[in-house]
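Trainee: Sharing protein.cif (mmCIF, C-alpha atoms) below.
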```cif
data_my_file
#
loop_
_atom_site.group_PDB
_atom_site.id
_atom_site.type_symbol
_atom_site.label_atom_id
_atom_site.label_comp_id
_atom_site.auth_asym_id
_atom_site.auth_seq_id
_atom_site.Cartn_x
_atom_site.Cartn_y
_atom_site.Cartn_z
ATOM 1 C CA MET A 1 76.304 155.843 139.037
ATOM 2 C CA ILE A 2 79.646 155.988 140.871
ATOM 3 C CA ARG A 3 80.214 155.746 144.604
ATOM 4 C CA ARG A 4 81.337 159.117 146.067
ATOM 5 C CA GLY A 5 85.094 159.502 146.158
ATOM 6 C CA TRP A 6 85.724 156.676 143.645
ATOM 7 C CA LYS A 7 86.623 157.129 140.040
ATOM 8 C CA GLU A 8 85.556 154.641 137.405
ATOM 9 C CA SER A 9 89.215 154.061 136.581
ATOM 10 C CA SER A 10 90.034 153.255 140.217
ATOM 11 C CA PRO A 11 90.724 149.574 141.073
ATOM 12 C CA PHE A 12 88.227 150.024 143.928
ATOM 13 C CA PHE A 13 85.414 151.203 141.652
ATOM 14 C CA ILE A 14 82.126 149.336 142.270
ATOM 15 C CA SER A 15 78.930 150.330 140.534
ATOM 16 C CA ASP A 16 75.513 150.643 142.173
ATOM 17 C CA HIS A 17 74.364 147.652 140.107
ATOM 18 C CA PHE A 18 76.721 145.449 142.102
ATOM 19 C CA PHE A 19 75.325 146.631 145.448
ATOM 20 C CA ARG A 20 71.730 146.097 144.290
ATOM 21 C CA PHE A 21 72.665 142.583 143.097
ATOM 22 C CA MET A 22 74.296 141.693 146.424
ATOM 23 C CA LYS A 23 71.198 142.777 148.350
ATOM 24 C CA LYS A 24 68.977 140.468 146.267
ATOM 25 C CA LYS A 25 71.306 137.481 146.069
ATOM 26 C CA ARG A 26 70.801 134.853 148.740
ATOM 27 C CA ILE A 27 74.135 133.503 149.904
ATOM 28 C CA ILE A 28 74.089 129.854 151.053
ATOM 29 C CA LYS A 29 77.032 128.850 153.160
ATOM 30 C CA PRO A 30 78.832 125.599 152.331
ATOM 31 C CA GLY A 31 77.409 122.697 154.290
ATOM 32 C CA SER A 32 74.071 124.396 154.897
ATOM 33 C CA PRO A 33 71.137 121.938 154.737
ATOM 34 C CA THR A 34 68.965 122.158 151.628
ATOM 35 C CA ILE A 35 65.443 123.206 152.509
ATOM 36 C CA LYS A 36 62.764 121.336 150.573
ATOM 37 C CA LYS A 37 59.152 122.339 150.560
ATOM 38 C CA LYS A 38 57.067 119.570 152.098
ATOM 39 C CA ILE A 39 54.080 118.581 149.997
ATOM 40 C CA LYS A 40 51.076 117.517 152.000
ATOM 41 C CA SER A 41 49.469 114.317 150.803
ATOM 42 C CA ILE A 42 45.763 114.448 150.027
ATOM 43 C CA ALA A 43 45.387 110.674 150.192
ATOM 44 C CA PRO A 44 44.004 109.323 153.480
ATOM 45 C CA THR A 45 46.448 107.705 155.879
ATOM 46 C CA ALA A 46 46.314 104.031 156.824
ATOM 47 C CA MET A 47 44.587 104.840 160.118
ATOM 48 C CA GLU A 48 42.073 107.072 158.348
ATOM 49 C CA TYR A 49 41.187 104.283 155.927
ATOM 50 C CA ILE A 50 40.673 101.833 158.791
ATOM 51 C CA MET A 51 38.541 104.341 160.714
ATOM 52 C CA LEU A 52 36.421 105.070 157.633
ATOM 53 C CA PHE A 53 35.906 101.377 156.970
ATOM 54 C CA ASN A 54 35.026 100.604 160.590
ATOM 55 C CA THR A 55 32.520 103.456 160.779
ATOM 56 C CA CYS A 56 31.050 102.784 157.339
ATOM 57 C CA GLU A 57 27.288 102.246 157.538
ATOM 58 C CA ILE A 58 25.655 100.897 154.418
ATOM 59 C CA ARG A 59 22.368 102.524 153.508
ATOM 60 C CA LYS A 60 19.685 100.002 154.424
ATOM 61 C CA GLU A 61 17.646 100.590 151.302
ATOM 62 C CA LYS A 62 20.675 99.621 149.178
ATOM 63 C CA ILE A 63 21.621 96.365 150.908
ATOM 64 C CA ALA A 64 19.482 94.174 148.646
ATOM 65 C CA GLU A 65 20.994 95.774 145.556
ATOM 66 C CA ILE A 66 24.518 95.322 146.886
ATOM 67 C CA ASP A 67 23.849 91.680 147.796
ATOM 68 C CA LYS A 68 22.569 91.057 144.291
ATOM 69 C CA VAL A 69 25.811 92.384 142.811
ATOM 70 C CA ILE A 70 27.889 90.309 145.229
ATOM 71 C CA ASP A 71 25.941 87.102 144.558
ATOM 72 C CA GLU A 72 25.439 87.411 140.813
ATOM 73 C CA LYS A 73 28.619 89.178 139.732
ATOM 74 C CA ILE A 74 31.356 88.495 142.291
ATOM 75 C CA VAL A 75 30.887 85.239 144.180
ATOM 76 C CA VAL A 76 29.902 83.279 141.072
ATOM 77 C CA ASN A 77 33.186 84.309 139.444
ATOM 78 C CA ARG A 78 35.389 83.725 142.469
ATOM 79 C CA ASN A 79 37.126 80.725 140.894
ATOM 80 C CA ARG A 80 37.979 82.801 137.858
ATOM 81 C CA TYR A 81 39.446 85.618 139.936
ATOM 82 C CA GLU A 82 41.390 83.119 142.041
ATOM 83 C CA GLY A 83 42.661 81.519 138.850
ATOM 84 C CA ILE A 84 44.059 84.862 137.722
ATOM 85 C CA SER A 85 45.740 85.320 141.103
ATOM 86 C CA ASN A 86 47.303 81.859 140.785
ATOM 87 C CA LEU A 87 48.522 82.651 137.277
ATOM 88 C CA VAL A 88 50.188 85.811 138.578
ATOM 89 C CA LYS A 89 51.927 83.838 141.328
ATOM 90 C CA GLY A 90 53.010 81.220 138.793
ATOM 91 C CA GLY A 91 54.523 83.800 136.456
ATOM 92 C CA GLY A 92 51.711 83.774 133.924
ATOM 93 C CA ALA A 93 52.662 80.490 132.298
ATOM 94 C CA ASN A 94 50.207 78.502 130.207
ATOM 95 C CA ASN A 95 47.952 76.506 132.495
ATOM 96 C CA ASN A 96 45.133 74.692 130.762
ATOM 97 C CA SER A 97 43.943 72.959 133.926
ATOM 98 C CA LEU A 98 42.511 76.152 135.360
ATOM 99 C CA PHE A 99 40.169 76.934 132.504
ATOM 100 C CA GLY A 100 39.478 73.655 130.722
ATOM 101 C CA ASN A 101 41.096 72.402 127.552
ATOM 102 C CA GLN A 102 41.003 75.748 125.765
ATOM 103 C CA PRO A 103 44.552 77.202 125.637
ATOM 104 C CA LEU A 104 44.708 80.137 128.021
ATOM 105 C CA PHE A 105 47.591 81.849 126.239
ATOM 106 C CA GLN A 106 47.991 81.467 122.519
ATOM 107 C CA SER A 107 51.739 81.794 123.014
ATOM 108 C CA SER A 108 54.111 82.022 125.948
ATOM 109 C CA TYR A 109 53.389 84.917 128.283
ATOM 110 C CA ILE A 110 56.117 87.556 128.427
ATOM 111 C CA PRO A 111 56.393 88.983 131.962
ATOM 112 C CA PHE A 112 56.645 92.759 132.217
ATOM 113 C CA TYR A 113 58.284 94.044 135.369
ATOM 114 C CA ASN A 114 59.116 97.617 134.438
ATOM 115 C CA ARG A 115 56.987 100.547 135.449
ATOM 116 C CA PHE A 116 54.799 102.177 132.827
ATOM 117 C CA ASN A 117 56.800 105.185 131.673
ATOM 118 C CA THR A 118 54.229 107.412 129.999
ATOM 119 C CA ALA A 119 53.730 110.727 131.813
ATOM 120 C CA PRO A 120 50.463 111.017 133.745
ATOM 121 C CA ALA A 121 47.543 112.432 131.792
ATOM 122 C CA MET A 122 45.133 112.433 134.652
ATOM 123 C CA VAL A 123 42.436 114.995 135.298
ATOM 124 C CA GLY A 124 39.573 114.865 137.770
ATOM 125 C CA SER A 125 36.812 112.513 136.803
ATOM 126 C CA ALA A 126 34.300 110.056 138.053
ATOM 127 C CA PHE A 127 31.730 108.010 136.254
ATOM 128 C CA ASN A 128 28.130 107.210 136.874
ATOM 129 C CA VAL A 129 27.068 103.734 135.824
ATOM 130 C CA ASN A 130 24.496 101.142 136.670
ATOM 131 C CA PRO A 131 26.081 98.244 138.590
ATOM 132 C CA PHE A 132 24.910 95.859 135.874
ATOM 133 C CA ALA A 133 25.937 97.984 132.910
ATOM 134 C CA THR A 134 28.590 96.657 130.535
ATOM 135 C CA LYS A 135 29.772 99.878 128.924
ATOM 136 C CA LEU A 136 31.670 102.758 130.489
ATOM 137 C CA SER A 137 32.456 106.132 128.975
ATOM 138 C CA GLN A 138 35.749 105.705 127.105
ATOM 139 C CA ASP A 139 36.788 109.329 127.496
ATOM 140 C CA ILE A 140 37.285 108.732 131.211
ATOM 141 C CA PHE A 141 39.857 105.958 131.030
ATOM 142 C CA SER A 142 42.788 108.099 129.899
ATOM 143 C CA SER A 143 42.231 110.525 132.756
ATOM 144 C CA ARG A 144 42.194 108.174 135.698
ATOM 145 C CA THR A 145 44.528 105.236 135.279
ATOM 146 C CA SER A 146 48.028 106.498 134.501
ATOM 147 C CA ASP A 147 48.837 107.089 138.168
ATOM 148 C CA VAL A 148 47.916 103.546 139.117
ATOM 149 C CA PHE A 149 49.989 101.928 136.395
ATOM 150 C CA LYS A 150 53.015 103.972 137.505
ATOM 151 C CA ASN A 151 52.387 103.112 141.165
ATOM 152 C CA ASN A 152 52.091 106.838 141.764
ATOM 153 C CA PHE A 153 49.019 108.666 142.939
ATOM 154 C CA VAL A 154 47.992 111.863 141.247
ATOM 155 C CA ASP A 155 45.621 114.529 142.490
ATOM 156 C CA ASN A 156 42.851 114.437 139.907
ATOM 157 C CA SER A 157 42.040 118.106 140.386
ATOM 158 C CA ASN A 158 45.253 119.069 138.626
ATOM 159 C CA VAL A 159 47.045 117.289 135.803
ATOM 160 C CA PHE A 160 50.361 118.192 137.435
ATOM 161 C CA GLY A 161 49.123 117.490 140.943
ATOM 162 C CA LEU A 162 50.594 115.650 143.866
ATOM 163 C CA ASN A 163 52.620 112.549 143.056
ATOM 164 C CA ARG A 164 52.779 109.974 145.809
ATOM 165 C CA ASP A 165 54.877 106.841 145.872
ATOM 166 C CA ILE A 166 53.583 103.360 146.619
ATOM 167 C CA PHE A 167 51.852 103.062 149.962
ATOM 168 C CA SER A 168 54.501 102.743 152.644
ATOM 169 C CA GLY A 169 52.608 100.045 154.510
ATOM 170 C CA ALA A 170 53.209 97.474 151.771
ATOM 171 C CA THR A 171 56.339 95.466 151.180
ATOM 172 C CA PHE A 172 57.518 94.171 147.835
ATOM 173 C CA THR A 173 59.348 90.882 147.359
ATOM 174 C CA ASN A 174 57.969 87.649 145.969
ATOM 175 C CA GLY A 175 54.216 88.212 146.004
ATOM 176 C CA ALA A 176 51.876 86.415 148.377
ATOM 177 C CA GLY A 177 49.055 86.464 145.838
ATOM 178 C CA VAL A 178 46.602 89.169 144.836
ATOM 179 C CA PRO A 179 43.344 88.715 146.797
ATOM 180 C CA TRP A 180 40.563 87.510 144.536
ATOM 181 C CA TYR A 181 38.172 90.117 145.946
ATOM 182 C CA PHE A 182 40.590 92.917 145.013
ATOM 183 C CA ILE A 183 40.635 91.672 141.412
ATOM 184 C CA ALA A 184 36.821 91.525 141.519
ATOM 185 C CA CYS A 185 36.585 95.160 142.666
ATOM 186 C CA VAL A 186 38.974 96.341 139.953
ATOM 187 C CA HIS A 187 36.978 94.306 137.418
ATOM 188 C CA TYR A 188 33.832 96.103 138.529
ATOM 189 C CA LEU A 189 35.342 99.580 138.592
ATOM 190 C CA GLU A 190 37.141 99.233 135.261
ATOM 191 C CA CYS A 191 34.907 96.881 133.264
ATOM 192 C CA SER A 192 31.500 96.749 135.022
ATOM 193 C CA PHE A 193 32.138 92.992 135.381
ATOM 194 C CA SER A 194 32.419 92.448 131.633
ATOM 195 C CA PHE A 195 34.830 89.655 130.684
ATOM 196 C CA LYS A 196 35.134 91.158 127.199
ATOM 197 C CA LYS A 197 37.258 94.083 128.363
ATOM 198 C CA HIS A 198 40.836 94.691 129.470
ATOM 199 C CA LEU A 199 41.326 94.884 133.221
ATOM 200 C CA HIS A 200 43.813 97.718 132.551
ATOM 201 C CA ASN A 201 41.163 100.268 131.618
ATOM 202 C CA GLY A 202 38.020 98.694 130.175
ATOM 203 C CA ASP A 203 39.023 98.791 126.514
ATOM 204 C CA PRO A 204 37.680 95.845 124.436
ATOM 205 C CA LEU A 205 39.713 92.622 124.281
ATOM 206 C CA THR A 206 39.324 92.542 120.496
ATOM 207 C CA GLY A 207 42.353 94.822 120.245
ATOM 208 C CA TYR A 208 45.219 96.309 122.218
ATOM 209 C CA THR A 209 44.349 98.916 124.819
ATOM 210 C CA VAL A 210 43.963 102.404 123.377
ATOM 211 C CA HIS A 211 43.667 104.446 126.563
ATOM 212 C CA VAL A 212 46.264 104.636 129.317
ATOM 213 C CA PRO A 213 48.138 102.324 129.502
ATOM 214 C CA ALA A 214 48.128 102.000 125.725
ATOM 215 C CA HIS A 215 49.112 99.018 123.565
ATOM 216 C CA ARG A 216 48.676 96.362 126.224
ATOM 217 C CA PRO A 217 48.872 93.458 126.912
ATOM 218 C CA LYS A 218 52.364 92.228 126.086
ATOM 219 C CA VAL A 219 51.659 88.526 125.668
ATOM 220 C CA GLY A 220 53.557 87.637 122.512
ATOM 221 C CA HIS A 221 50.680 87.482 120.053
ATOM 222 C CA ALA A 222 48.259 89.771 118.259
ATOM 223 C CA PRO A 223 44.636 90.336 119.361
ATOM 224 C CA PRO A 224 42.119 89.113 120.288
ATOM 225 C CA PHE A 225 43.066 88.355 123.885
ATOM 226 C CA THR A 226 41.536 86.341 126.688
ATOM 227 C CA PHE A 227 40.439 88.139 129.814
ATOM 228 C CA GLU A 228 42.841 86.052 131.897
ATOM 229 C CA GLU A 229 45.995 86.862 129.968
ATOM 230 C CA SER A 230 45.105 90.547 129.839
ATOM 231 C CA ALA A 231 44.349 90.594 133.568
ATOM 232 C CA VAL A 232 47.687 88.949 134.375
ATOM 233 C CA ASP A 233 49.444 91.571 132.248
ATOM 234 C CA ALA A 234 47.619 94.405 134.045
ATOM 235 C CA ILE A 235 48.480 93.064 137.485
ATOM 236 C CA LYS A 236 52.136 92.557 136.612
ATOM 237 C CA LEU A 237 52.325 95.980 135.005
ATOM 238 C CA MET A 238 51.155 97.473 138.300
ATOM 239 C CA LYS A 239 53.718 95.336 140.152
ATOM 240 C CA TYR A 240 51.007 93.789 142.291
ATOM 241 C CA ASP A 241 52.738 90.431 141.866
ATOM 242 C CA HIS A 242 55.406 91.703 144.296
ATOM 243 C CA VAL A 243 53.053 92.877 147.056
ATOM 244 C CA THR A 244 53.222 90.722 150.204
ATOM 245 C CA ASN A 245 51.029 92.776 152.531
ATOM 246 C CA TRP A 246 47.502 93.084 151.190
ATOM 247 C CA SER A 247 46.136 95.000 154.159
ATOM 248 C CA LEU A 248 42.847 96.887 154.173
ATOM 249 C CA PRO A 249 44.466 100.368 153.990
ATOM 250 C CA PHE A 250 46.622 99.308 151.031
ATOM 251 C CA ILE A 251 43.642 97.834 149.168
ATOM 252 C CA LEU A 252 41.518 100.946 149.690
ATOM 253 C CA LEU A 253 44.382 103.228 148.655
ATOM 254 C CA LYS A 254 44.933 101.289 145.437
ATOM 255 C CA LEU A 255 41.231 101.236 144.600
ATOM 256 C CA GLU A 256 40.858 104.963 145.231
ATOM 257 C CA GLY A 257 44.003 105.558 143.202
ATOM 258 C CA TYR A 258 42.253 104.316 140.076
ATOM 259 C CA ASN A 259 40.063 107.396 140.147
ATOM 260 C CA GLY A 260 42.408 109.831 141.871
ATOM 261 C CA PHE A 261 42.285 111.797 145.097
ATOM 262 C CA GLY A 262 40.731 115.052 143.934
ATOM 263 C CA TYR A 263 37.580 114.471 145.963
ATOM 264 C CA ASN A 264 39.603 114.987 149.124
ATOM 265 C CA ARG A 265 40.408 118.512 147.967
ATOM 266 C CA LYS A 266 36.677 119.095 147.587
ATOM 267 C CA GLY A 267 36.171 118.143 151.213
ATOM 268 C CA ILE A 268 34.184 114.971 150.524
ATOM 269 C CA ARG A 269 34.915 111.253 150.515
ATOM 270 C CA THR A 270 35.176 109.676 147.106
ATOM 271 C CA PRO A 271 32.045 107.921 145.846
ATOM 272 C CA TYR A 272 34.451 105.537 144.122
ATOM 273 C CA LEU A 273 34.806 103.890 147.548
ATOM 274 C CA TRP A 274 31.959 105.137 149.727
ATOM 275 C CA SER A 275 28.887 105.579 147.529
ATOM 276 C CA TYR A 276 25.788 103.949 149.141
ATOM 277 C CA SER A 277 27.136 104.601 152.635
ATOM 278 C CA ASN A 278 27.036 107.251 155.362
ATOM 279 C CA HIS A 279 30.395 108.588 154.142
ATOM 280 C CA TYR A 280 28.984 109.932 150.875
ATOM 281 C CA THR A 281 25.956 112.079 150.086
ATOM 282 C CA LYS A 282 26.607 114.052 146.927
ATOM 283 C CA GLY A 283 29.230 115.667 144.723
ATOM 284 C CA LYS A 284 30.987 114.087 141.772
ATOM 285 C CA TYR A 285 33.085 114.764 138.723
ATOM 286 C CA VAL A 286 30.553 114.594 135.912
ATOM 287 C CA LYS A 287 33.328 114.636 133.333
ATOM 288 C CA ASP A 288 37.062 115.264 133.162
ATOM 289 C CA GLY A 289 37.908 118.304 135.276
ATOM 290 C CA VAL A 290 34.255 119.247 135.845
ATOM 291 C CA TYR A 291 32.983 118.872 139.390
ATOM 292 C CA ASP A 292 29.277 119.188 140.250
ATOM 293 C CA ALA A 293 28.653 119.651 143.974
ATOM 294 C CA ASN A 294 25.025 118.560 143.627
ATOM 295 C CA ALA A 295 25.488 115.522 141.390
ATOM 296 C CA VAL A 296 25.049 112.131 143.046
ATOM 297 C CA SER A 297 26.922 109.003 141.997
ATOM 298 C CA SER A 298 24.765 105.940 141.362
ATOM 299 C CA GLN A 299 27.758 103.597 141.245
ATOM 300 C CA LEU A 300 28.428 101.237 144.124
ATOM 301 C CA GLY A 301 31.419 102.154 146.236
ATOM 302 C CA ALA A 302 34.162 99.516 146.195
ATOM 303 C CA ALA A 303 34.744 99.826 149.949
ATOM 304 C CA VAL A 304 31.022 99.364 150.518
ATOM 305 C CA ILE A 305 31.120 96.122 148.530
ATOM 306 C CA LEU A 306 34.032 94.876 150.640
ATOM 307 C CA LYS A 307 32.296 95.969 153.843
ATOM 308 C CA ARG A 308 29.155 94.022 152.936
ATOM 309 C CA MET A 309 31.196 90.958 151.995
ATOM 310 C CA GLU A 310 32.840 91.035 155.418
ATOM 311 C CA GLN A 311 29.465 91.416 157.103
ATOM 312 C CA ARG A 312 28.338 88.267 155.317
ATOM 313 C CA ALA A 313 31.550 86.449 156.316
ATOM 314 C CA LEU A 314 32.528 85.949 152.673
ATOM 315 C CA ILE A 315 35.972 87.492 153.209
ATOM 316 C CA ASN A 316 38.203 88.664 156.041
ATOM 317 C CA ILE A 317 40.612 91.485 155.154
ATOM 318 C CA PRO A 318 43.691 91.936 157.375
ATOM 319 C CA ARG A 319 43.997 95.403 158.916
ATOM 320 C CA ASN A 320 47.790 95.573 158.932
#
```
Represent the structure contained in this file as structure tokens.
Mentor:
Amino acid sequence: MIRRGWKESSPFFISDHFFRFMKKKRIIKPGSPTIKKKIKSIAPTAMEYIMLFNTCEIRKEKIAEIDKVIDEKIVVNRNRYEGISNLVKGGGANNNSLFGNQPLFQSSYIPFYNRFNTAPAMVGSAFNVNPFATKLSQDIFSSRTSDVFKNNFVDNSNVFGLNRDIFSGATFTNGAGVPWYFIACVHYLECSFSFKKHLHNGDPLTGYTVHVPAHRPKVGHAPPFTFEESAVDAIKLMKYDHVTNWSLPFILLKLEGYNGFGYNRKGIRTPYLWSYSNHYTKGKYVKDGVYDANAVSSQLGAAVILKRMEQRALINIPRN
């Protein structure tokens, strides 16, 4: 169509298509600020973590069971966890004095300081295991660890969910040492306290890891691997050797990050931290991407373990 009074041959001819285009086109003036959509984090804040921990009440009927796990699975292995922390601080070099005359590393350890680059493949999941079990469902590992090994946090209700950078309350220079009780909690959550599995994701030490992060550890020799050298590789891969502020909120955020933050979207606190306490009653991911509002986790919550250890004066976690 042609505007009235204008001929198509006229130098002032403008079609109706042009006017429709100009109405739809948004004109941004030079120097105008770029407006970015703010994404709301679904991970608890530092203050929320502290409040949850302070108000956490362990179910009385579970205290004996929790104490049994602490005494028989955690405290007895404290020296081993501390040895791993010392190896991380020392750069992962061969140190036979920590674990007897048996060579800890069959060849020199190769430090790995780069972030894991594989794209997240994380979908909502949780697992239900006996605290003394030694086998976890392998199909879960690939869906819940890629965010942690990238130091990002991914909403486990959506494979392309919220990405969140490393917790802002932590600083990263030359590490002050990974707390032994943090390593113990990761060992429980990933391996059910088995020393025959990779700390990365619970895959067997007889070979490289298969699930995310795959083909670890990078220690300069072929499998099999010792638990210590694999654990050092996992910690360095997650850049925990550079953390200098191991505060309670940071520890809880990292532990929850192993499983993801999808429970927060469901309006409940994750059983991964709070199972066996007043903060959790029911609701769990029974498998990847499948949430059952009536299912109840029988796994101990990592925060509950830490809470009980503080009550017994076994540890003292800084709040900031």
Trainee: Counting all atoms listed in the file, which of A:Gly202, A:Pro271, A:Pro213, A:Pro249 gets nearest to Asn320 in chain A?
Mentor: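 The shortest atom-to-atom distance to Asn320 in chain A comes from A:Pro249.
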Trainee: Name the residues that the PyMOL selection byres ((chain A and resi 314) around 12) picks from the file above, as a PyMOL selection string, using the file's chain letters and numbers.
Mentor: chain A and resi 67+70-71+74-75+78+180-181+305-313+315-317
Trainee: What lies within 9 Å of Trp274 in chain A using all atoms listed in the file, ignoring chain neighbours under 5 positions off, as a list in words?
Mentor: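 Within the cut-off, the hits are Cys56, Ile58, Arg269, His279, Tyr280, Leu300, Gly301, Ala302, Ala303 and Val304 of chain A.
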Trainee: CA of Asp292 in chain A and CA of Tyr276 in chain A, how far apart in Å?
Mentor: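 Value for the CA of Tyr276 in chain A-CA of Asp292 in chain A distance: 18.0 Å.
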Trainee: Given the file above and the PyMOL selection byres ((chain A and resi 247) around 9), which residues are selected, and can you give them as an NGL selection string?
Mentor: :A and (169-170 or 245-246 or 248-252 or 317-320)
Trainee: CA of Gly177 in chain A and CA of His221 in chain A, how far apart in Å?
Mentor: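 CA of His221 in chain A sits 25.9 Å away from CA of Gly177 in chain A.
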Trainee: Residues at most 7 Å from Ile84 in chain A, counting all atoms listed in the file, excluding those fewer than 3 positions away in the same chain, as a PyMOL selection string?
Mentor: chain A and resi 80-81+87-88+228+232
Trainee: Could you save those same residues with C-alpha atoms as a CSV table (one decimal), in the coordinates of the input?
Mentor:
```csv
chain,number,residue,atom,x,y,z
A,80,ARG,CA,38.0,82.8,137.9
A,81,TYR,CA,39.4,85.6,139.9
A,87,LEU,CA,48.5,82.7,137.3
A,88,VAL,CA,50.2,85.8,138.6
A,228,GLU,CA,42.8,86.1,131.9
A,232,VAL,CA,47.7,88.9,134.4
```
Trainee: What is the distance, in Å and to one decimal place, between CA of Gly207 in chain A and CA of Asn79 in chain A?
Mentor: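 Calculated distance between CA of Gly207 in chain A and CA of Asn79 in chain A is 25.5 Å.
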Trainee: Taking the file as shown, what set of residues would the PyMOL selection byres ((chain A and resi 195) around 12) give back, as an MDAnalysis selection string?
Mentor: chainID A and resid 73 77 80:81 134:135 184 187:188 190:194 196:199 202:206 225:231
Trainee: Rank nothing, just name the residue among A:Pro224, A:Cys185, A:Val178, A:Leu253 nearest to Val69 in chain A, using only C-alpha atoms.
Mentor: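 Closest residue, counting only C-alpha atoms: A:Cys185.
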